[in-house]
$ cat target-v7.txt   # compact mmCIF, C-alpha atoms
# COMPACT_ATOMS: atom_id res chain seq x y z
CA MET A 908 -55.53 -92.19 -10.79
CA LYS A 909 -55.76 -90.92 -7.22
CA VAL A 910 -58.65 -88.88 -5.84
CA VAL A 911 -58.22 -87.19 -2.46
CA GLY A 912 -61.01 -85.68 -0.40
CA MET A 913 -60.21 -82.70 1.79
CA ILE A 914 -62.41 -81.22 4.52
CA PRO A 915 -61.18 -77.77 5.59
CA VAL A 916 -62.13 -77.14 9.21
CA LYS A 917 -61.72 -74.00 11.29
CA LEU A 918 -62.67 -74.31 14.96
CA ASN A 919 -62.67 -70.61 15.78
CA SER A 920 -65.73 -69.74 13.70
CA GLU A 921 -67.26 -66.39 14.55
CA ARG A 922 -70.91 -66.32 13.50
CA VAL A 923 -71.73 -69.78 14.88
CA LYS A 924 -69.32 -70.59 17.70
CA GLU A 925 -67.50 -73.90 17.17
CA LYS A 926 -70.17 -74.86 14.65
CA ASN A 927 -68.20 -77.76 13.22
CA LEU A 928 -68.25 -79.48 16.61
CA ARG A 929 -71.86 -78.69 17.52
CA THR A 930 -73.90 -81.81 18.19
CA PHE A 931 -77.30 -82.78 16.87
CA PHE A 932 -80.08 -84.39 18.89
CA ASP A 933 -78.45 -87.84 18.87
CA GLY A 934 -74.99 -86.53 19.80
CA THR A 935 -73.60 -86.53 16.26
CA PRO A 936 -71.21 -83.60 15.75
CA LEU A 937 -71.62 -81.60 12.57
CA VAL A 938 -68.17 -82.55 11.29
CA HIS A 939 -69.17 -86.24 11.18
CA PHE A 940 -71.78 -85.83 8.45
CA ILE A 941 -69.43 -84.83 5.62
CA GLN A 942 -66.88 -87.42 6.76
CA LYS A 943 -69.54 -90.11 6.41
CA ALA A 944 -70.43 -88.88 2.93
CA LEU A 945 -66.81 -88.99 1.77
CA ILE A 946 -66.26 -92.41 3.35
CA GLY A 947 -69.34 -93.66 1.52
CA SER A 948 -68.10 -92.42 -1.85
CA ARG A 949 -66.98 -95.07 -4.32
CA LYS A 950 -64.63 -92.66 -6.07
CA ILE A 951 -62.50 -91.13 -3.31
CA ASP A 952 -59.29 -92.89 -2.28
CA GLU A 953 -58.09 -90.87 0.73
CA ILE A 954 -59.78 -88.39 3.05
CA TYR A 955 -58.17 -85.67 5.13
CA VAL A 956 -59.47 -83.19 7.67
CA TYR A 957 -57.27 -80.11 7.25
CA CYS A 958 -57.28 -78.10 10.47
CA SER A 959 -54.82 -76.03 12.49
CA ASN A 960 -56.19 -77.26 15.82
CA GLU A 961 -55.16 -80.79 16.82
CA ARG A 962 -58.29 -81.04 18.96
CA ILE A 963 -60.16 -82.01 15.82
CA GLN A 964 -58.49 -85.43 15.94
CA ASP A 965 -60.98 -86.44 18.65
CA TYR A 966 -63.73 -86.08 16.03
CA LEU A 967 -62.24 -88.09 13.17
CA LEU A 968 -63.98 -91.22 11.92
CA ASP A 969 -62.18 -94.40 10.90
CA GLY A 970 -60.61 -93.96 7.50
CA VAL A 971 -60.13 -90.21 7.83
CA LYS A 972 -56.68 -88.71 8.31
CA PHE A 973 -55.66 -85.53 10.10
CA LEU A 974 -53.34 -82.98 8.51
CA LYS A 975 -52.39 -79.91 10.47
CA ARG A 976 -52.59 -76.74 8.46
CA PRO A 977 -50.77 -73.42 9.02
CA GLU A 978 -52.57 -71.14 11.46
CA PHE A 979 -52.46 -68.19 9.05
CA LEU A 980 -55.17 -69.98 7.07
CA ASP A 981 -57.58 -69.35 9.97
CA ALA A 982 -57.52 -65.60 9.32
CA ASN A 983 -60.68 -63.99 7.97
CA THR A 984 -58.67 -62.80 4.97
CA ALA A 985 -57.88 -66.38 3.88
CA ASN A 986 -60.21 -68.03 1.39
CA CYS A 987 -60.69 -71.60 0.26
CA ASN A 988 -58.27 -71.26 -2.65
CA ASP A 989 -55.56 -70.23 -0.17
CA ILE A 990 -56.33 -73.37 1.83
CA ILE A 991 -56.22 -75.60 -1.25
CA ARG A 992 -52.92 -74.09 -2.35
CA GLU A 993 -51.26 -75.09 0.93
CA PHE A 994 -52.91 -78.50 1.02
CA ILE A 995 -51.74 -79.65 -2.40
CA LYS A 996 -48.18 -78.69 -1.48
CA VAL A 997 -48.30 -81.54 1.03
CA VAL A 998 -50.79 -84.07 -0.38
CA ASP A 999 -50.24 -85.16 -3.96
CA ALA A 1000 -53.15 -86.42 -6.06
CA ASP A 1001 -54.48 -86.39 -9.58
CA TYR A 1002 -57.86 -85.07 -8.46
CA TYR A 1003 -59.16 -83.33 -5.36
CA CYS A 1004 -62.61 -83.15 -3.83
CA VAL A 1005 -63.02 -80.28 -1.39
CA SER A 1006 -66.08 -80.68 0.83
CA HIS A 1007 -67.09 -78.48 3.75
CA ALA A 1008 -68.45 -79.73 7.05
CA THR A 1009 -71.13 -77.04 6.86
CA ALA A 1010 -73.01 -79.09 4.25
CA PRO A 1011 -74.29 -81.96 6.42
CA PHE A 1012 -76.78 -83.41 3.94
CA THR A 1013 -74.31 -83.97 1.09
CA THR A 1014 -74.63 -87.55 -0.15
CA PRO A 1015 -71.98 -90.01 -1.39
CA GLU A 1016 -73.93 -90.26 -4.64
CA SER A 1017 -73.59 -86.52 -5.29
CA LEU A 1018 -69.87 -86.68 -4.58
CA ASP A 1019 -69.51 -89.56 -7.03
CA ARG A 1020 -71.41 -87.65 -9.73
CA CYS A 1021 -68.96 -84.75 -9.39
CA VAL A 1022 -65.91 -86.99 -9.54
CA GLU A 1023 -67.24 -88.93 -12.52
CA CYS A 1024 -67.86 -85.75 -14.51
CA VAL A 1025 -64.23 -84.71 -14.13
CA THR A 1026 -62.44 -88.05 -14.37
CA ASN A 1027 -64.30 -89.56 -17.34
CA GLU A 1028 -62.21 -87.60 -19.86
CA ASN A 1029 -65.14 -85.57 -21.09
CA GLU A 1030 -65.29 -81.83 -21.67
CA TYR A 1031 -65.50 -80.82 -18.00
CA ASP A 1032 -62.37 -79.61 -16.22
CA SER A 1033 -64.05 -79.32 -12.80
CA ALA A 1034 -67.39 -79.86 -11.09
CA PHE A 1035 -69.38 -78.53 -8.18
CA LEU A 1036 -72.73 -79.08 -6.51
CA ALA A 1037 -75.35 -76.40 -7.02
CA VAL A 1038 -79.00 -75.60 -6.50
CA ARG A 1039 -81.18 -74.41 -9.39
CA HIS A 1040 -83.31 -71.27 -9.09
CA GLN A 1041 -86.01 -70.04 -11.42
CA ALA A 1042 -86.97 -66.78 -9.78
CA MET A 1043 -86.81 -63.06 -10.51
CA PHE A 1044 -83.53 -61.64 -9.26
CA TRP A 1045 -82.76 -57.99 -8.55
CA GLN A 1046 -79.49 -56.18 -7.88
CA ASP A 1047 -78.93 -52.50 -7.09
CA GLY A 1048 -82.60 -51.84 -7.70
CA LYS A 1049 -82.56 -53.35 -11.20
CA PRO A 1050 -83.83 -56.69 -12.53
CA LEU A 1051 -81.06 -59.15 -13.35
CA ASN A 1052 -82.71 -61.87 -15.37
CA PHE A 1053 -86.03 -60.56 -16.67
CA ASP A 1054 -87.68 -57.62 -18.37
CA PRO A 1055 -90.26 -56.04 -16.02
CA ASN A 1056 -92.11 -54.70 -19.08
CA ARG A 1057 -92.64 -58.25 -20.28
CA PHE A 1058 -93.48 -59.93 -17.02
CA PRO A 1059 -92.48 -63.59 -17.36
CA ARG A 1060 -93.76 -66.78 -15.83
CA THR A 1061 -91.15 -68.12 -13.42
CA GLN A 1062 -91.06 -71.45 -15.27
CA ASP A 1063 -89.99 -69.57 -18.41
CA LEU A 1064 -87.05 -67.85 -16.75
CA LYS A 1065 -83.55 -68.99 -17.58
CA PRO A 1066 -82.28 -70.96 -14.57
CA VAL A 1067 -79.70 -69.44 -12.24
CA TYR A 1068 -77.46 -71.67 -10.14
CA THR A 1069 -75.86 -71.03 -6.77
CA GLU A 1070 -72.85 -72.99 -5.61
CA THR A 1071 -73.07 -75.09 -2.48
CA SER A 1072 -70.25 -76.15 -0.20
CA GLY A 1073 -70.80 -79.89 -0.49
CA ALA A 1074 -68.23 -80.63 -3.19
CA TYR A 1075 -65.76 -78.99 -5.52
CA VAL A 1076 -63.87 -81.48 -7.68
CA PHE A 1077 -60.93 -80.58 -9.89
CA PRO A 1078 -57.71 -82.07 -11.26
CA ARG A 1079 -54.42 -80.84 -9.89
CA TRP A 1080 -53.47 -79.20 -13.17
CA VAL A 1081 -56.55 -76.94 -13.11
CA PHE A 1082 -55.61 -75.46 -9.76
CA GLU A 1083 -51.98 -75.09 -10.79
CA LYS A 1084 -52.98 -73.34 -14.01
CA TYR A 1085 -55.81 -71.09 -12.81
CA GLY A 1086 -55.19 -70.85 -9.05
CA ARG A 1087 -58.79 -71.73 -8.24
CA ARG A 1088 -61.02 -74.72 -7.57
CA VAL A 1089 -63.31 -74.13 -10.57
CA GLY A 1090 -61.90 -74.29 -14.06
CA ILE A 1091 -63.18 -72.67 -17.24
CA ASN A 1092 -65.67 -75.41 -18.16
CA PRO A 1093 -67.21 -76.79 -14.97
CA ALA A 1094 -69.96 -79.34 -14.66
CA ILE A 1095 -72.75 -77.89 -12.55
CA ILE A 1096 -74.31 -80.80 -10.68
CA GLU A 1097 -77.83 -80.05 -9.51
CA THR A 1098 -78.86 -81.43 -6.14
CA ASP A 1099 -81.93 -81.35 -3.96
CA PRO A 1100 -82.38 -78.04 -2.10
CA MET A 1101 -82.18 -79.80 1.27
CA GLU A 1102 -78.87 -81.39 0.35
CA THR A 1103 -77.45 -77.97 -0.45
CA LEU A 1104 -78.25 -76.51 2.97
CA ASP A 1105 -75.13 -74.70 4.18
CA ILE A 1106 -74.70 -73.79 7.84
CA ASP A 1107 -73.54 -70.20 8.05
CA THR A 1108 -75.81 -68.77 10.77
CA GLU A 1109 -77.59 -69.90 13.92
CA TYR A 1110 -80.79 -70.06 11.89
CA ASP A 1111 -79.12 -72.47 9.44
CA MET A 1112 -77.93 -74.60 12.37
CA THR A 1113 -81.41 -74.74 13.87
CA LEU A 1114 -82.92 -75.68 10.52
CA ALA A 1115 -80.34 -78.41 9.91
CA GLN A 1116 -80.86 -79.90 13.35
CA ALA A 1117 -84.64 -79.90 12.90
CA LEU A 1118 -84.41 -81.53 9.46
CA TYR A 1119 -82.04 -84.20 10.70
CA LYS A 1120 -84.27 -85.01 13.66
CA TYR A 1121 -87.29 -85.28 11.38
CA MET A 1122 -85.47 -87.55 8.92
CA GLU A 1123 -84.20 -89.84 11.66
CA GLU A 1124 -87.60 -90.12 13.29
CA HIS A 1125 -89.30 -90.91 9.97
CA LYS A 1126 -86.90 -93.46 8.56
CA SER A 1127 -88.75 -96.30 6.90
$ encode --input "target-v7.txt" --output "structure tokens"
Amino acid sequence: MKVVGMIPVKLNSERVKEKNLRTFFDGTPLVHFIQKALIGSRKIDEIYVYCSNERIQDYLLDGVKFLKRPEFLDANTANCNDIIREFIKVVDADYYCVSHATAPFTTPESLDRCVECVTNENEYDSAFLAVRHQAMFWQDGKPLNFDPNRFPRTQDLKPVYTETSGAYVFPRWVFEKYGRRVGINPAIIETDPMETLDIDTEYDMTLAQALYKYMEEHKS
């Protein structure tokens, strides 16, 4: 059984310029955090950074390989499933773990939990990290998960989960059959809200940098 980790990286990001290479207070570039998490995993056999720009090789840690991807995958019209489709044409494995550099607080333990759920021959055909919400959601001016005439306590609401970008784990056959990284019976792995922080805006970057600085300064 072979499990391969893949980090898709695009250097020409628009909303946060070159966010994957941005450094934190101690000089650590963003792209190092997810590499360290994958390296620390007990379940992942090989790790690749999949990027069209060879400049990324200057930011690879020991144990992480570079694979150049086609430039058409950098287009705004390309999504992660398009990237996975091209990657598995080149790198063969039984299972894949796709983790994004924009999730710097993903832990090796969370990655292992995802892999274990899919590889232990149980009912799950895929797994992803998620954060749990028990709140009142609205869409198009209408309540989504509660009856406003029977105002609920938030703790009584049915939980809603949002995906994070820290890990998507799936066997090769699931992607070949469904053309997507999540199958029909995924394991939703809850993580701490901080761990699920995803850097998509300058505000997210500022928050991540502040949290990291605080954690480093308060290590026991």
$ closest_residue --input "target-v7.txt" --among "A:Ala982, A:Leu918, A:Ala1034, A:Val1067" --to "Ile1095 of chain A" --atoms "only C-alpha atoms"
A:Ala1034
$ atom_distance --input "target-v7.txt" --atom1 "atom CA of Tyr1075 of chain A" --atom2 "atom CA of Gln1041 of chain A"
22.9 Å
$ atom_distance --input "target-v7.txt" --atom1 "atom CA of Thr1061 of chain A" --atom2 "atom CA of Val1038 of chain A"
15.9 Å
$ closest_residue --input "target-v7.txt" --among "A:Val916, A:Leu1114, A:Val1025, A:Val938" --to "Phe1077 of chain A" --atoms "all atoms listed in the file"
A:Val1025
$ residues_around --input "target-v7.txt" --residues "Tyr957 of chain A" --least-positions-apart "3" --cutoff "7 Å" --atoms "all atoms listed in the file" --output "list in words"
Met913, Ile914, Pro915, Val916, Phe973, Leu974, Lys975 and Arg976 of chain A
$ write_last_selection --input "target-v7.txt" --atoms "C-alpha atoms" --output "PDB file, in the frame of the given file"
ATOM      1  CA  MET A 913     -60.210 -82.700   1.790  1.00  0.00           C
ATOM      2  CA  ILE A 914     -62.410 -81.220   4.520  1.00  0.00           C
ATOM      3  CA  PRO A 915     -61.180 -77.770   5.590  1.00  0.00           C
ATOM      4  CA  VAL A 916     -62.130 -77.140   9.210  1.00  0.00           C
ATOM      5  CA  PHE A 973     -55.660 -85.530  10.100  1.00  0.00           C
ATOM      6  CA  LEU A 974     -53.340 -82.980   8.510  1.00  0.00           C
ATOM      7  CA  LYS A 975     -52.390 -79.910  10.470  1.00  0.00           C
ATOM      8  CA  ARG A 976     -52.590 -76.740   8.460  1.00  0.00           C
TER       9      ARG A 976
END
$ closest_atom_pairs --input "target-v7.txt" --of "segment 991-1091 of chain A" --to "segment 945-956 of chain A" --cutoff "7 Å" --atoms "only C-alpha atoms" --output "Markdown table"
| residue | atom | partner | partner_atom | distance |
| --- | --- | --- | --- | --- |
| A:Pro1015 | CA | A:Ser948 | CA | 4.6 |
| A:Glu1016 | CA | A:Ser948 | CA | 6.8 |
| A:Leu1018 | CA | A:Ser948 | CA | 6.6 |
| A:Asp1019 | CA | A:Lys950 | CA | 5.9 |
| A:Val1022 | CA | A:Lys950 | CA | 6.8 |
$ closest_residue --input "target-v7.txt" --among "A:Gly1073, A:Pro1059, A:Gly1086, A:Pro1100" --to "His1040 of chain A" --atoms "all atoms listed in the file"
A:Pro1100
$ residues_near_point --input "target-v7.txt" --point "(-64.7, -83.8, -8.2)" --cutoff "10 Å" --atoms "only C-alpha atoms" --output "short mmCIF file (atom, residue, chain, number, x, y, z; two decimals) with C-alpha atoms, in the coordinates of the input"
data_model
loop_
_atom_site.label_atom_id
_atom_site.label_comp_id
_atom_site.auth_asym_id
_atom_site.auth_seq_id
_atom_site.Cartn_x
_atom_site.Cartn_y
_atom_site.Cartn_z
CA VAL A 910 -58.65 -88.88 -5.84
CA VAL A 911 -58.22 -87.19 -2.46
CA GLY A 912 -61.01 -85.68 -0.40
CA LYS A 950 -64.63 -92.66 -6.07
CA ILE A 951 -62.50 -91.13 -3.31
CA TYR A 1002 -57.86 -85.07 -8.46
CA TYR A 1003 -59.16 -83.33 -5.36
CA CYS A 1004 -62.61 -83.15 -3.83
CA VAL A 1005 -63.02 -80.28 -1.39
CA SER A 1006 -66.08 -80.68 0.83
CA SER A 1017 -73.59 -86.52 -5.29
CA LEU A 1018 -69.87 -86.68 -4.58
CA ASP A 1019 -69.51 -89.56 -7.03
CA ARG A 1020 -71.41 -87.65 -9.73
CA CYS A 1021 -68.96 -84.75 -9.39
CA VAL A 1022 -65.91 -86.99 -9.54
CA GLU A 1023 -67.24 -88.93 -12.52
CA CYS A 1024 -67.86 -85.75 -14.51
CA VAL A 1025 -64.23 -84.71 -14.13
CA THR A 1026 -62.44 -88.05 -14.37
CA ASP A 1032 -62.37 -79.61 -16.22
CA SER A 1033 -64.05 -79.32 -12.80
CA ALA A 1034 -67.39 -79.86 -11.09
CA PHE A 1035 -69.38 -78.53 -8.18
CA LEU A 1036 -72.73 -79.08 -6.51
CA ALA A 1074 -68.23 -80.63 -3.19
CA TYR A 1075 -65.76 -78.99 -5.52
CA VAL A 1076 -63.87 -81.48 -7.68
CA PHE A 1077 -60.93 -80.58 -9.89
CA PRO A 1078 -57.71 -82.07 -11.26
CA ARG A 1088 -61.02 -74.72 -7.57
CA ALA A 1094 -69.96 -79.34 -14.66
#
$ closest_residue --input "target-v7.txt" --among "A:Glu1102, A:Asp999, A:Asp1047, A:Asp981" --to "Ser1072 of chain A" --atoms "only C-alpha atoms"
A:Glu1102
$ closest_residue --input "target-v7.txt" --among "A:Asp1001, A:Asp989, A:Thr930, A:Lys943" --to "Leu968 of chain A" --atoms "all atoms listed in the file"
A:Lys943
$ atom_distance --input "target-v7.txt" --atom1 "atom CA of His1007 of chain A" --atom2 "atom CA of Asp965 of chain A"
18.0 Å
$ decode --input "target-v7.txt" --residues "segment 975-991 of chain A" --atoms "N, CA, C and O atoms" --output "JSON list (two decimals), in the first residue's frame"
[["chain", "number", "residue", "atom", "x", "y", "z"],
["A", 975, "LYS", "N", 6.97, 19.19, -11.75],
["A", 975, "LYS", "CA", 6.48, 20.34, -12.52],
["A", 975, "LYS", "C", 5.15, 20.00, -13.16],
["A", 975, "LYS", "O", 5.00, 18.97, -13.81],
["A", 976, "ARG", "N", 4.20, 20.89, -12.97],
["A", 976, "ARG", "CA", 2.88, 20.65, -13.54],
["A", 976, "ARG", "C", 2.65, 21.53, -14.76],
["A", 976, "ARG", "O", 3.29, 22.58, -14.92],
["A", 977, "PRO", "N", 1.71, 21.16, -15.62],
["A", 977, "PRO", "CA", 1.41, 21.98, -16.81],
["A", 977, "PRO", "C", 0.92, 23.37, -16.42],
["A", 977, "PRO", "O", 0.16, 23.53, -15.44],
["A", 978, "GLU", "N", 1.34, 24.37, -17.17],
["A", 978, "GLU", "CA", 0.99, 25.75, -16.83],
["A", 978, "GLU", "C", -0.50, 26.03, -16.97],
["A", 978, "GLU", "O", -1.02, 26.95, -16.31],
["A", 979, "PHE", "N", -1.21, 25.24, -17.77],
["A", 979, "PHE", "CA", -2.65, 25.51, -17.93],
["A", 979, "PHE", "C", -3.40, 25.30, -16.62],
["A", 979, "PHE", "O", -4.50, 25.83, -16.43],
["A", 980, "LEU", "N", -2.79, 24.59, -15.67],
["A", 980, "LEU", "CA", -3.43, 24.37, -14.39],
["A", 980, "LEU", "C", -3.37, 25.62, -13.50],
["A", 980, "LEU", "O", -4.01, 25.67, -12.45],
["A", 981, "ASP", "N", -2.61, 26.63, -13.91],
["A", 981, "ASP", "CA", -2.55, 27.89, -13.16],
["A", 981, "ASP", "C", -3.70, 28.82, -13.49],
["A", 981, "ASP", "O", -3.88, 29.84, -12.83],
["A", 982, "ALA", "N", -4.47, 28.48, -14.51],
["A", 982, "ALA", "CA", -5.58, 29.35, -14.92],
["A", 982, "ALA", "C", -6.65, 29.39, -13.84],
["A", 982, "ALA", "O", -6.85, 28.42, -13.09],
["A", 983, "ASN", "N", -7.35, 30.50, -13.77],
["A", 983, "ASN", "CA", -8.41, 30.65, -12.77],
["A", 983, "ASN", "C", -9.57, 29.69, -13.00],
["A", 983, "ASN", "O", -10.37, 29.44, -12.09],
["A", 984, "THR", "N", -9.67, 29.15, -14.21],
["A", 984, "THR", "CA", -10.74, 28.21, -14.53],
["A", 984, "THR", "C", -10.42, 26.79, -14.07],
["A", 984, "THR", "O", -11.31, 25.93, -14.05],
["A", 985, "ALA", "N", -9.16, 26.53, -13.70],
["A", 985, "ALA", "CA", -8.77, 25.19, -13.26],
["A", 985, "ALA", "C", -9.11, 25.02, -11.77],
["A", 985, "ALA", "O", -8.92, 25.94, -10.98],
["A", 986, "ASN", "N", -9.61, 23.85, -11.41],
["A", 986, "ASN", "CA", -9.89, 23.58, -10.01],
["A", 986, "ASN", "C", -9.01, 22.44, -9.51],
["A", 986, "ASN", "O", -8.21, 21.87, -10.25],
["A", 987, "CYS", "N", -9.17, 22.10, -8.24],
["A", 987, "CYS", "CA", -8.28, 21.10, -7.65],
["A", 987, "CYS", "C", -8.45, 19.73, -8.29],
["A", 987, "CYS", "O", -7.48, 18.98, -8.42],
["A", 988, "ASN", "N", -9.65, 19.39, -8.70],
["A", 988, "ASN", "CA", -9.84, 18.10, -9.36],
["A", 988, "ASN", "C", -9.09, 18.03, -10.68],
["A", 988, "ASN", "O", -8.59, 16.97, -11.07],
["A", 989, "ASP", "N", -9.00, 19.16, -11.40],
["A", 989, "ASP", "CA", -8.20, 19.19, -12.62],
["A", 989, "ASP", "C", -6.73, 18.93, -12.30],
["A", 989, "ASP", "O", -6.04, 18.21, -13.04],
["A", 990, "ILE", "N", -6.27, 19.52, -11.20],
["A", 990, "ILE", "CA", -4.87, 19.34, -10.79],
["A", 990, "ILE", "C", -4.61, 17.88, -10.40],
["A", 990, "ILE", "O", -3.61, 17.29, -10.81],
["A", 991, "ILE", "N", -5.51, 17.30, -9.64],
["A", 991, "ILE", "CA", -5.35, 15.90, -9.24],
["A", 991, "ILE", "C", -5.33, 14.98, -10.46],
["A", 991, "ILE", "O", -4.53, 14.05, -10.54]]
